[in-house]
file final.cif (mmCIF, C-alpha atoms and all ligand atoms)
data_start
loop_
_atom_site.label_atom_id
_atom_site.label_comp_id
_atom_site.auth_asym_id
_atom_site.auth_seq_id
_atom_site.Cartn_x
_atom_site.Cartn_y
_atom_site.Cartn_z
CA MET A 222 28.81 30.55 16.40
CA ILE A 223 29.50 33.88 14.67
CA LEU A 224 26.65 34.95 12.37
CA PRO A 225 27.38 34.85 8.64
CA GLU A 226 27.35 38.13 6.73
CA LEU A 227 23.85 39.41 5.99
CA VAL A 228 21.97 42.53 4.99
CA TYR A 229 20.14 44.32 7.81
CA HIS A 230 17.22 46.67 7.17
CA ALA A 231 15.52 48.85 9.76
CA PRO A 232 12.54 50.44 7.96
CA THR A 233 10.45 53.08 9.72
CA SER A 234 7.10 52.16 8.16
CA LEU A 235 5.10 49.01 7.60
CA SER A 236 4.80 49.66 3.87
CA GLU A 237 8.60 49.89 3.56
CA ALA A 238 8.98 46.66 5.58
CA MET A 239 6.46 44.82 3.39
CA ALA A 240 8.18 46.04 0.20
CA LEU A 241 11.52 44.74 1.51
CA LEU A 242 9.96 41.35 2.33
CA LEU A 243 8.39 41.04 -1.11
CA GLU A 244 11.61 42.08 -2.83
CA ALA A 245 13.61 39.35 -1.05
CA PRO A 246 11.39 36.37 -0.20
CA ALA A 247 14.20 34.68 1.78
CA ALA A 248 14.40 37.69 4.14
CA ARG A 249 13.16 37.18 7.71
CA ILE A 250 11.43 39.60 10.04
CA LEU A 251 13.46 40.41 13.15
CA ALA A 252 11.68 41.55 16.32
CA GLY A 253 13.49 40.94 19.65
CA GLY A 254 15.66 38.20 18.14
CA THR A 255 15.38 35.91 21.19
CA ASP A 256 14.23 33.06 18.97
CA LEU A 257 15.55 33.97 15.54
CA ILE A 258 19.09 34.98 16.51
CA VAL A 259 19.43 31.85 18.65
CA MET A 260 18.32 29.74 15.66
CA MET A 261 20.80 31.55 13.40
CA LYS A 262 23.63 31.02 15.88
CA GLU A 263 22.77 27.33 16.04
CA GLY A 264 22.73 27.12 12.23
CA ARG A 265 18.98 26.32 12.12
CA ALA A 266 18.19 29.46 10.10
CA ALA A 267 20.35 31.40 7.67
CA PRO A 268 18.37 34.31 6.22
CA PRO A 269 20.44 36.46 3.86
CA ARG A 270 18.49 39.56 5.02
CA LEU A 271 16.81 40.69 8.20
CA VAL A 272 13.99 43.23 8.25
CA SER A 273 13.85 44.68 11.76
CA LEU A 274 10.55 46.00 13.17
CA ARG A 275 12.35 48.01 15.85
CA ARG A 276 11.93 51.46 14.27
CA ILE A 277 8.28 51.10 13.27
CA GLU A 278 6.68 53.25 15.96
CA ARG A 279 3.10 52.01 15.75
CA LEU A 280 4.11 48.39 16.30
CA HIS A 281 5.25 49.28 19.83
CA ARG A 282 1.94 50.62 21.11
CA VAL A 283 0.00 49.21 24.06
CA GLU A 284 -3.33 51.05 24.19
CA LEU A 285 -6.77 50.88 25.70
CA GLU A 286 -9.39 50.61 22.96
CA GLY A 287 -12.95 50.62 24.24
CA ALA A 288 -13.26 47.81 26.77
CA GLY A 289 -10.23 46.09 25.29
CA VAL A 290 -6.50 46.48 24.83
CA THR A 291 -4.57 46.66 21.55
CA ILE A 292 -0.95 45.56 21.60
CA GLY A 293 1.45 46.28 18.75
CA SER A 294 3.35 43.18 17.69
CA ALA A 295 6.75 44.70 18.58
CA ALA A 296 5.76 45.49 22.17
CA THR A 297 7.89 43.40 24.50
CA ILE A 298 6.47 41.32 27.34
CA GLY A 299 8.21 43.81 29.65
CA ASP A 300 6.57 46.83 27.88
CA ILE A 301 3.12 45.23 28.20
CA HIS A 302 3.66 44.40 31.86
CA ARG A 303 4.92 47.91 32.66
CA SER A 304 1.95 49.51 30.83
CA GLY A 305 -0.30 48.00 33.53
CA LEU A 306 -3.07 47.64 30.93
CA LEU A 307 -3.22 43.87 31.26
CA ASP A 308 -3.05 43.87 35.07
CA GLY A 309 -6.77 43.12 35.06
CA HIS A 310 -6.24 40.05 32.87
CA ALA A 311 -5.12 37.81 35.71
CA ALA A 312 -3.88 35.02 33.42
CA PHE A 313 -1.39 37.44 31.83
CA ALA A 314 -0.26 38.69 35.24
CA ASP A 315 0.27 35.05 36.32
CA MET A 316 2.25 34.32 33.15
CA VAL A 317 4.75 37.20 33.18
CA PRO A 318 7.04 36.01 36.02
CA LEU A 319 6.89 32.45 34.64
CA MET A 320 8.04 33.39 31.14
CA ALA A 321 11.81 33.28 30.63
CA THR A 322 13.85 35.83 32.63
CA PRO A 323 13.59 39.63 33.06
CA GLN A 324 16.35 40.11 30.46
CA ILE A 325 14.53 37.99 27.88
CA ARG A 326 11.14 39.58 28.69
CA ASN A 327 12.65 42.98 27.94
CA ARG A 328 13.54 41.87 24.41
CA ALA A 329 10.96 39.20 23.58
CA THR A 330 7.98 40.66 21.74
CA ILE A 331 4.43 39.41 21.80
CA GLY A 332 4.48 39.23 17.99
CA GLY A 333 7.64 37.13 18.02
CA ASN A 334 6.14 34.76 20.58
CA LEU A 335 3.06 34.24 18.40
CA CYS A 336 4.79 34.19 15.00
CA THR A 337 7.51 31.78 16.00
CA ALA A 338 4.57 29.42 16.68
CA ALA A 339 6.57 27.16 18.96
CA ALA A 340 4.31 24.44 20.36
CA CYS A 341 5.37 25.47 23.90
CA ALA A 342 4.99 29.29 23.75
CA ASP A 343 3.45 30.88 26.85
CA THR A 344 1.42 33.79 25.49
CA PRO A 345 -1.02 31.91 23.19
CA PRO A 346 -3.12 30.20 25.91
CA VAL A 347 -3.29 33.41 27.94
CA LEU A 348 -4.51 35.35 24.90
CA LEU A 349 -6.81 32.58 23.62
CA VAL A 350 -8.92 32.54 26.79
CA ALA A 351 -9.49 36.28 26.26
CA ASP A 352 -10.73 35.66 22.70
CA ALA A 353 -7.84 37.64 21.19
CA GLU A 354 -7.80 38.62 17.55
CA THR A 355 -4.77 39.30 15.35
CA GLU A 356 -4.51 42.18 12.88
CA ILE A 357 -2.35 41.18 9.94
CA GLU A 358 -0.79 43.75 7.62
CA GLY A 359 -0.19 42.67 4.06
CA PRO A 360 0.67 44.09 0.65
CA SER A 361 -3.04 44.03 -0.27
CA GLY A 362 -4.32 45.51 3.00
CA GLN A 363 -5.23 44.44 6.52
CA ARG A 364 -7.06 41.33 7.65
CA ALA A 365 -8.25 40.25 11.06
CA VAL A 366 -7.84 36.63 12.12
CA PRO A 367 -8.99 35.20 15.45
CA LEU A 368 -5.97 33.93 17.35
CA SER A 369 -7.70 30.53 17.47
CA ARG A 370 -7.15 30.30 13.68
CA PHE A 371 -3.69 31.91 13.57
CA PHE A 372 -1.66 28.75 14.23
CA VAL A 373 -1.69 26.09 11.53
CA GLY A 374 1.07 23.72 12.68
CA VAL A 375 4.33 23.49 14.59
CA ARG A 376 6.20 26.73 13.75
CA ARG A 377 3.58 27.51 11.10
CA THR A 378 1.07 30.36 11.10
CA CYS A 379 -1.51 31.62 8.65
CA LEU A 380 0.81 34.51 7.60
CA GLN A 381 1.34 34.71 3.84
CA PRO A 382 4.54 35.91 2.11
CA GLY A 383 5.04 39.65 2.70
CA GLU A 384 2.61 39.72 5.62
CA ILE A 385 3.48 41.07 9.06
CA LEU A 386 1.57 40.59 12.29
CA GLY A 387 0.62 44.17 13.15
CA SER A 388 -1.18 43.87 16.47
CA VAL A 389 -3.15 41.68 18.83
CA ARG A 390 -6.46 42.90 20.22
CA ILE A 391 -7.93 41.62 23.44
CA PRO A 392 -11.62 42.57 23.33
CA ARG A 393 -11.93 42.55 27.13
CA VAL A 394 -9.66 41.58 29.96
CA MET A 395 -10.74 38.60 32.05
CA PRO A 396 -10.21 39.22 35.79
CA ALA A 397 -11.43 35.70 36.64
CA SER A 398 -8.66 33.96 34.76
CA ALA A 399 -5.43 32.16 35.61
CA TYR A 400 -2.30 30.63 34.08
CA VAL A 401 -0.49 27.59 35.43
CA LYS A 402 2.84 26.48 33.99
CA PHE A 403 4.77 23.28 34.57
CA GLY A 404 8.48 23.21 33.78
CA VAL A 405 11.47 21.17 34.78
CA ARG A 406 12.97 24.14 36.66
CA GLY A 407 9.88 26.34 37.17
CA ALA A 408 10.35 30.01 36.13
CA GLY A 409 12.82 30.86 33.37
CA ASN A 410 12.04 27.59 31.72
CA VAL A 411 10.23 26.40 28.62
CA ALA A 412 6.81 24.91 29.43
CA GLN A 413 6.34 21.17 29.83
CA VAL A 414 2.68 22.17 29.72
CA GLY A 415 0.97 25.52 30.29
CA VAL A 416 -2.75 25.94 30.95
CA ALA A 417 -4.87 29.10 31.01
CA ALA A 418 -8.49 29.27 32.17
CA ALA A 419 -11.08 32.05 32.26
CA VAL A 420 -14.65 32.10 33.55
CA THR A 421 -17.53 34.53 33.68
CA LEU A 422 -20.57 33.87 35.83
CA ASP A 423 -24.19 34.84 35.42
CA GLY A 424 -25.52 34.71 38.96
CA GLU A 425 -24.96 31.17 40.22
CA ARG A 426 -24.22 29.70 36.81
CA VAL A 427 -21.37 29.67 34.31
CA ASN A 428 -21.87 32.16 31.52
CA ASP A 429 -18.56 31.46 29.80
CA LEU A 430 -15.72 29.08 30.54
CA ARG A 431 -12.58 28.67 28.49
CA VAL A 432 -9.42 26.69 28.87
CA ALA A 433 -6.42 26.75 26.57
CA PHE A 434 -3.17 24.84 26.77
CA THR A 435 0.30 24.90 25.27
CA ALA A 436 3.05 22.28 24.81
CA ALA A 437 0.64 19.36 24.57
CA ALA A 438 -0.33 19.47 20.87
CA PRO A 439 1.23 20.77 17.63
CA THR A 440 -0.59 24.08 18.12
CA PRO A 441 -2.14 25.74 21.19
CA VAL A 442 -5.59 24.30 21.93
CA LEU A 443 -8.67 26.27 23.05
CA LEU A 444 -11.85 24.70 24.44
CA ASP A 445 -14.86 26.83 25.32
CA ALA A 446 -18.02 26.22 27.34
CA GLU A 447 -20.20 25.86 24.26
CA GLU A 448 -17.93 23.27 22.68
CA LEU A 449 -17.65 21.50 26.03
CA GLY A 450 -21.40 21.69 26.56
CA PHE A 451 -21.02 23.37 29.96
CA THR A 452 -22.83 26.67 29.36
CA SER A 453 -25.14 27.39 32.31
CA ALA A 454 -23.46 24.71 34.44
CA VAL A 455 -23.18 25.31 38.17
CA PRO A 456 -19.54 25.78 39.28
CA SER A 457 -18.53 22.60 41.11
CA ARG A 458 -15.79 20.03 41.57
CA ASP A 459 -17.59 17.75 39.10
CA LEU A 460 -17.59 20.48 36.47
CA ILE A 461 -13.85 21.04 36.91
CA GLU A 462 -13.22 17.28 36.67
CA ALA A 463 -15.26 17.03 33.48
CA VAL A 464 -13.37 19.94 31.85
CA ALA A 465 -10.02 18.46 32.94
CA GLU A 466 -10.98 15.14 31.38
CA ALA A 467 -12.15 16.74 28.13
CA ALA A 468 -8.92 18.77 27.87
CA SER A 469 -6.72 15.72 28.50
CA GLU A 470 -8.58 13.90 25.74
CA ARG A 471 -7.95 16.76 23.31
CA ALA A 472 -4.20 16.81 24.07
CA ARG A 473 -1.88 15.42 21.38
CA PRO A 474 1.44 15.58 23.23
CA ILE A 475 4.79 14.26 22.12
CA SER A 476 7.55 12.72 24.22
CA ASP A 477 10.78 14.69 24.38
CA LEU A 478 13.53 15.70 26.81
CA ARG A 479 11.07 17.67 28.93
CA GLY A 480 8.57 14.86 29.50
CA SER A 481 6.77 11.86 28.05
CA ALA A 482 3.51 12.18 26.13
CA GLY A 483 1.65 10.35 28.91
CA TYR A 484 3.04 12.65 31.61
CA ARG A 485 2.16 15.73 29.56
CA ARG A 486 -1.41 14.51 29.07
CA HIS A 487 -1.63 14.02 32.84
CA LEU A 488 -0.28 17.58 33.37
CA VAL A 489 -2.98 19.02 31.11
CA GLY A 490 -5.60 17.63 33.49
CA VAL A 491 -3.75 18.84 36.59
CA GLY A 492 -3.22 22.27 35.03
CA VAL A 493 -6.89 22.62 34.08
CA ARG A 494 -7.96 21.75 37.64
CA ARG A 495 -5.55 24.29 39.18
CA ALA A 496 -6.23 27.06 36.69
CA LEU A 497 -10.02 26.66 36.85
CA ARG A 498 -10.02 26.59 40.65
CA ARG A 499 -8.00 29.81 40.71
CA ALA A 500 -10.27 31.40 38.08
CA PHE A 501 -13.44 30.50 40.02
CA ALA A 502 -11.89 31.85 43.23
CA ARG A 503 -11.10 35.10 41.41
CA ALA A 504 -14.75 35.19 40.24
CA GLY A 505 -15.76 35.09 43.92
CA ARG A 506 -16.86 31.40 43.78
CA PRO A 507 -14.10 29.35 45.42
CA ILE A 508 -14.56 25.62 45.01
CA ASP A 509 -13.37 23.47 47.88
CA GLY A 510 -11.55 20.16 47.77
C1 LIG A 601 16.72 31.83 27.47
C2 LIG A 601 15.36 31.85 26.80
C3 LIG A 601 14.26 31.53 27.53
C4 LIG A 601 12.99 31.54 26.93
N1 LIG A 601 11.90 31.22 27.67
C5 LIG A 601 10.68 31.25 27.12
C6 LIG A 601 9.52 30.98 27.91
O1 LIG A 601 9.60 30.72 29.12
N2 LIG A 601 8.32 31.02 27.29
C7 LIG A 601 8.19 31.33 25.96
O2 LIG A 601 7.05 31.35 25.47
N3 LIG A 601 9.26 31.59 25.19
C8 LIG A 601 10.49 31.58 25.74
N4 LIG A 601 11.60 31.86 24.97
C9 LIG A 601 11.43 32.10 23.52
C10 LIG A 601 11.36 33.56 23.08
O3 LIG A 601 11.91 34.46 24.03
C11 LIG A 601 9.93 34.01 22.74
O4 LIG A 601 9.33 33.14 21.79
C12 LIG A 601 9.87 35.46 22.22
O5 LIG A 601 8.62 35.99 22.57
C13 LIG A 601 10.10 35.64 20.72
O6 LIG A 601 9.96 37.02 20.43
P1 LIG A 601 11.12 37.85 19.71
O7 LIG A 601 10.65 39.26 19.64
O8 LIG A 601 12.44 37.64 20.34
O9 LIG A 601 11.04 37.16 18.28
P2 LIG A 601 12.17 36.98 17.13
O10 LIG A 601 13.19 36.01 17.59
O11 LIG A 601 12.66 38.30 16.66
O12 LIG A 601 11.25 36.34 16.00
C14 LIG A 601 10.68 35.06 16.15
C15 LIG A 601 9.99 34.65 14.83
O13 LIG A 601 8.83 35.42 14.61
C16 LIG A 601 8.90 36.15 13.40
N5 LIG A 601 8.27 37.45 13.69
C17 LIG A 601 8.55 38.25 14.74
N6 LIG A 601 7.70 39.30 14.76
C18 LIG A 601 6.87 39.16 13.68
C19 LIG A 601 5.77 39.92 13.17
N7 LIG A 601 5.33 41.03 13.77
N8 LIG A 601 5.15 39.48 12.04
C20 LIG A 601 5.57 38.33 11.44
N9 LIG A 601 6.60 37.57 11.88
C21 LIG A 601 7.24 37.98 12.99
C22 LIG A 601 10.39 36.21 13.05
O14 LIG A 601 10.61 36.31 11.66
C23 LIG A 601 10.86 34.88 13.60
O15 LIG A 601 10.56 33.84 12.69
C24 LIG A 601 12.87 31.87 25.54
C25 LIG A 601 14.01 32.20 24.81
C26 LIG A 601 15.25 32.19 25.42
C27 LIG A 601 16.46 32.57 24.59
#
call {"tool": "encode", "arguments": {"input": "final.cif", "output": "structure tokens", "more": "lines below"}}
Ligand SMILES: Cc1cc2nc3c(=O)[nH]c(=O)nc-3n(C[C@H](O)[C@H](O)[C@H](O)COP(=O)(O)OP(=O)(O)OC[C@H]3O[C@@H](n4cnc5c(N)ncnc54)[C@H](O)[C@@H]3O)c2cc1C
result
Amino acid sequence: MILPELVYHAPTSLSEAMALLLEAPAARILAGGTDLIVMMKEGRAAPPRLVSLRRIERLHRVELEGAGVTIGSAATIGDIHRSGLLDGHAAFADMVPLMATPQIRNRATIGGNLCTAAACADTPPVLLVADAETEIEGPSGQRAVPLSRFFVGVRRTCLQPGEILGSVRIPRVMPASAYVKFGVRGAGNVAQVGVAAAVTLDGERVNDLRVAFTAAAPTPVLLDAEELGFTSAVPSRDLIEAVAEAASERARPISDLRGSAGYRRHLVGVGVRRALRRAFARAGRPIDG
């Protein structure tokens, strides 16, 4: 379908972009367009104006900041991968080749992947296990929101009118982490279920353990060791089984073309087992069996 006529803006500053959004509430932010333009071509969105983030320099940055990494919302998955700054976050490195195709990864931005808030997006679980925080720019200033509170429903985020996701901050990369994705065709495919896990050890015991999953609830789900009651547990097959069971119980999947609710719930458990095993192995504590 040919797009209807619309007004296109390409501001060079955030303040200009926010003013344009406030002036025309029906306007939509355009980042890489791999979601929005597809929706417009399918007639599922018809914004009269687009406000592109392309020319706002600071939204493209990928920078080390202390022990962490700050990623501007308009950085593409390809930009982030090429920066090498998330190479140490093994879950991200696992995810990149599994997300879409090289062509899409060179257009798709991290901000677009988060703000589109699709229940099956790949970056949220990978960022959630690293305790990522979002920096939101708004007409009345900046606010920081933990990524775990950013999503409020299917295709709904906590962003208010006129607000723009400015950046995502990962306080520290997690080398002992992993991402496992199930899809009908494997890579280049939307997730049936995606599971990320991250662990840190304190000697022989678990200091921190997190799992997060996508495509099995209206929003991405994060479970941490404290909530699970597994702080100070000894890494073992039983521990992995208990986390897999807890995660499956938290899943609220739907049935659709890509799989039934029951199958998705099963995949959450399988994904947790595989991701946690890989994370423990990367922490130097492989678990047999
Ligand atoms: C063939 C194909 C395969 C795909 N495969 C996958 C896959 O495997 N995994 C996956 O997760 N996704 C996949 N996608 C979906 C898509 O590529 C991603 O969701 C992408 O990251 C969206 O980013 P974008 O920059 O293109 O966003 P856009 O399409 O430009 O924007 C998406 C939404 O976010 C809003 N938005 C964008 N940036 C901001 C911001 N900074 N602040 C506020 N709102 C903002 C826009 O207004 C719009 O509503 C696929 C898409 C296609 C076409």
call {"tool": "closest_atom_pairs", "arguments": {"input": "final.cif", "of": "chain A", "to": "ligand LIG 601 (chain A)", "cutoff": "6 Å", "atoms": "only C-alpha atoms and all ligand atoms", "output": "Markdown table"}}
result
| residue | atom | partner | partner_atom | distance |
| --- | --- | --- | --- | --- |
| A:Arg249 | CA | A:LIG601 | O14 | 4.8 |
| A:Ile250 | CA | A:LIG601 | O14 | 3.8 |
| A:Leu251 | CA | A:LIG601 | O11 | 4.2 |
| A:Ala252 | CA | A:LIG601 | O11 | 3.4 |
| A:Gly253 | CA | A:LIG601 | O7 | 3.3 |
| A:Gly254 | CA | A:LIG601 | O10 | 3.3 |
| A:Thr255 | CA | A:LIG601 | O8 | 3.5 |
| A:Asp256 | CA | A:LIG601 | O10 | 3.4 |
| A:Leu257 | CA | A:LIG601 | O10 | 3.7 |
| A:Ser294 | CA | A:LIG601 | N7 | 4.9 |
| A:Met320 | CA | A:LIG601 | O1 | 3.7 |
| A:Ala321 | CA | A:LIG601 | N1 | 3.6 |
| A:Ile325 | CA | A:LIG601 | O3 | 5.8 |
| A:Arg328 | CA | A:LIG601 | O8 | 6.0 |
| A:Ala329 | CA | A:LIG601 | O8 | 3.9 |
| A:Thr330 | CA | A:LIG601 | O7 | 3.7 |
| A:Ile331 | CA | A:LIG601 | O5 | 5.5 |
| A:Gly332 | CA | A:LIG601 | N6 | 4.6 |
| A:Gly333 | CA | A:LIG601 | O6 | 3.3 |
| A:Asn334 | CA | A:LIG601 | O5 | 3.4 |
| A:Cys336 | CA | A:LIG601 | O13 | 4.2 |
| A:Thr337 | CA | A:LIG601 | C15 | 4.0 |
| A:Ala342 | CA | A:LIG601 | O2 | 3.4 |
| A:Asp343 | CA | A:LIG601 | O2 | 3.9 |
| A:Ile385 | CA | A:LIG601 | N8 | 3.8 |
| A:Leu386 | CA | A:LIG601 | N8 | 3.8 |
| A:Gly387 | CA | A:LIG601 | N7 | 5.7 |
| A:Gly409 | CA | A:LIG601 | O1 | 5.3 |
| A:Asn410 | CA | A:LIG601 | O1 | 4.7 |
| A:Val411 | CA | A:LIG601 | O1 | 4.4 |
call {"tool": "residues_around", "arguments": {"input": "final.cif", "residues": "range 414-424 of chain A", "least_positions_apart": "5", "cutoff": "7 Å", "atoms": "all atoms listed in the file", "output": "PyMOL selection string"}}
result
chain A and resi 312+343+346-347+350+395+397-403+429-437+485+488-489+492-493+496-497+500-501
call {"tool": "atom_distance", "arguments": {"input": "final.cif", "atom1": "CA of Pro225 in chain A", "atom2": "CA of Glu263 in chain A"}}
result
11.5 Å
call {"tool": "atom_distance", "arguments": {"input": "final.cif", "atom1": "CA of Ala231 in chain A", "atom2": "CA of Gly305 in chain A"}}
result
28.6 Å
call {"tool": "residues_around", "arguments": {"input": "final.cif", "residues": "Ala240 in chain A", "least_positions_apart": "6", "cutoff": "12 Å", "atoms": "all atoms listed in the file", "output": "list of chain:residue names"}}
result
A:His230, A:Pro232, A:Ser234, A:Pro246, A:Ala248, A:Val272, A:Glu358, A:Gly359, A:Pro360, A:Ser361, A:Pro382, A:Gly383, A:Glu384, A:Ile385
call {"tool": "residues_around", "arguments": {"input": "final.cif", "residues": "Ala338 in chain A", "least_positions_apart": "3", "cutoff": "7 Å", "atoms": "all atoms listed in the file", "output": "list in words"}}
result
Asn334, Leu335, Phe372, Val375, Arg376, Arg377 and Thr378 of chain A
call {"tool": "build_atoms", "arguments": {"input": "final.cif", "residues": "range 455-468 of chain A", "atoms": "N, CA and C atoms", "output": "compact mmCIF listing (two decimals), in the coordinates of the input"}}
result
# COMPACT_ATOMS: atom_id res chain seq x y z
N VAL A 455 -23.44 24.73 36.85
CA VAL A 455 -23.18 25.31 38.17
C VAL A 455 -21.71 25.01 38.52
N PRO A 456 -20.94 26.04 38.93
CA PRO A 456 -19.54 25.78 39.28
C PRO A 456 -19.44 24.71 40.37
N SER A 457 -18.63 23.69 40.14
CA SER A 457 -18.53 22.60 41.11
C SER A 457 -17.26 21.80 40.84
N ARG A 458 -16.93 20.92 41.77
CA ARG A 458 -15.79 20.03 41.57
C ARG A 458 -16.03 19.12 40.36
N ASP A 459 -17.27 18.66 40.21
CA ASP A 459 -17.59 17.75 39.10
C ASP A 459 -17.37 18.44 37.75
N LEU A 460 -17.77 19.72 37.72
CA LEU A 460 -17.59 20.48 36.47
C LEU A 460 -16.10 20.56 36.14
N ILE A 461 -15.30 20.92 37.14
CA ILE A 461 -13.85 21.04 36.91
C ILE A 461 -13.28 19.70 36.45
N GLU A 462 -13.71 18.61 37.08
CA GLU A 462 -13.22 17.28 36.67
C GLU A 462 -13.59 16.98 35.22
N ALA A 463 -14.82 17.33 34.85
CA ALA A 463 -15.26 17.03 33.48
C ALA A 463 -14.46 17.85 32.46
N VAL A 464 -14.16 19.11 32.79
CA VAL A 464 -13.37 19.94 31.85
C VAL A 464 -11.94 19.38 31.77
N ALA A 465 -11.39 19.00 32.93
CA ALA A 465 -10.02 18.46 32.94
C ALA A 465 -9.94 17.21 32.06
N GLU A 466 -10.97 16.38 32.17
CA GLU A 466 -10.98 15.14 31.38
C GLU A 466 -11.09 15.45 29.88
N ALA A 467 -11.98 16.38 29.54
CA ALA A 467 -12.15 16.74 28.13
C ALA A 467 -10.86 17.33 27.56
N ALA A 468 -10.17 18.15 28.35
CA ALA A 468 -8.92 18.77 27.87
C ALA A 468 -7.84 17.71 27.69
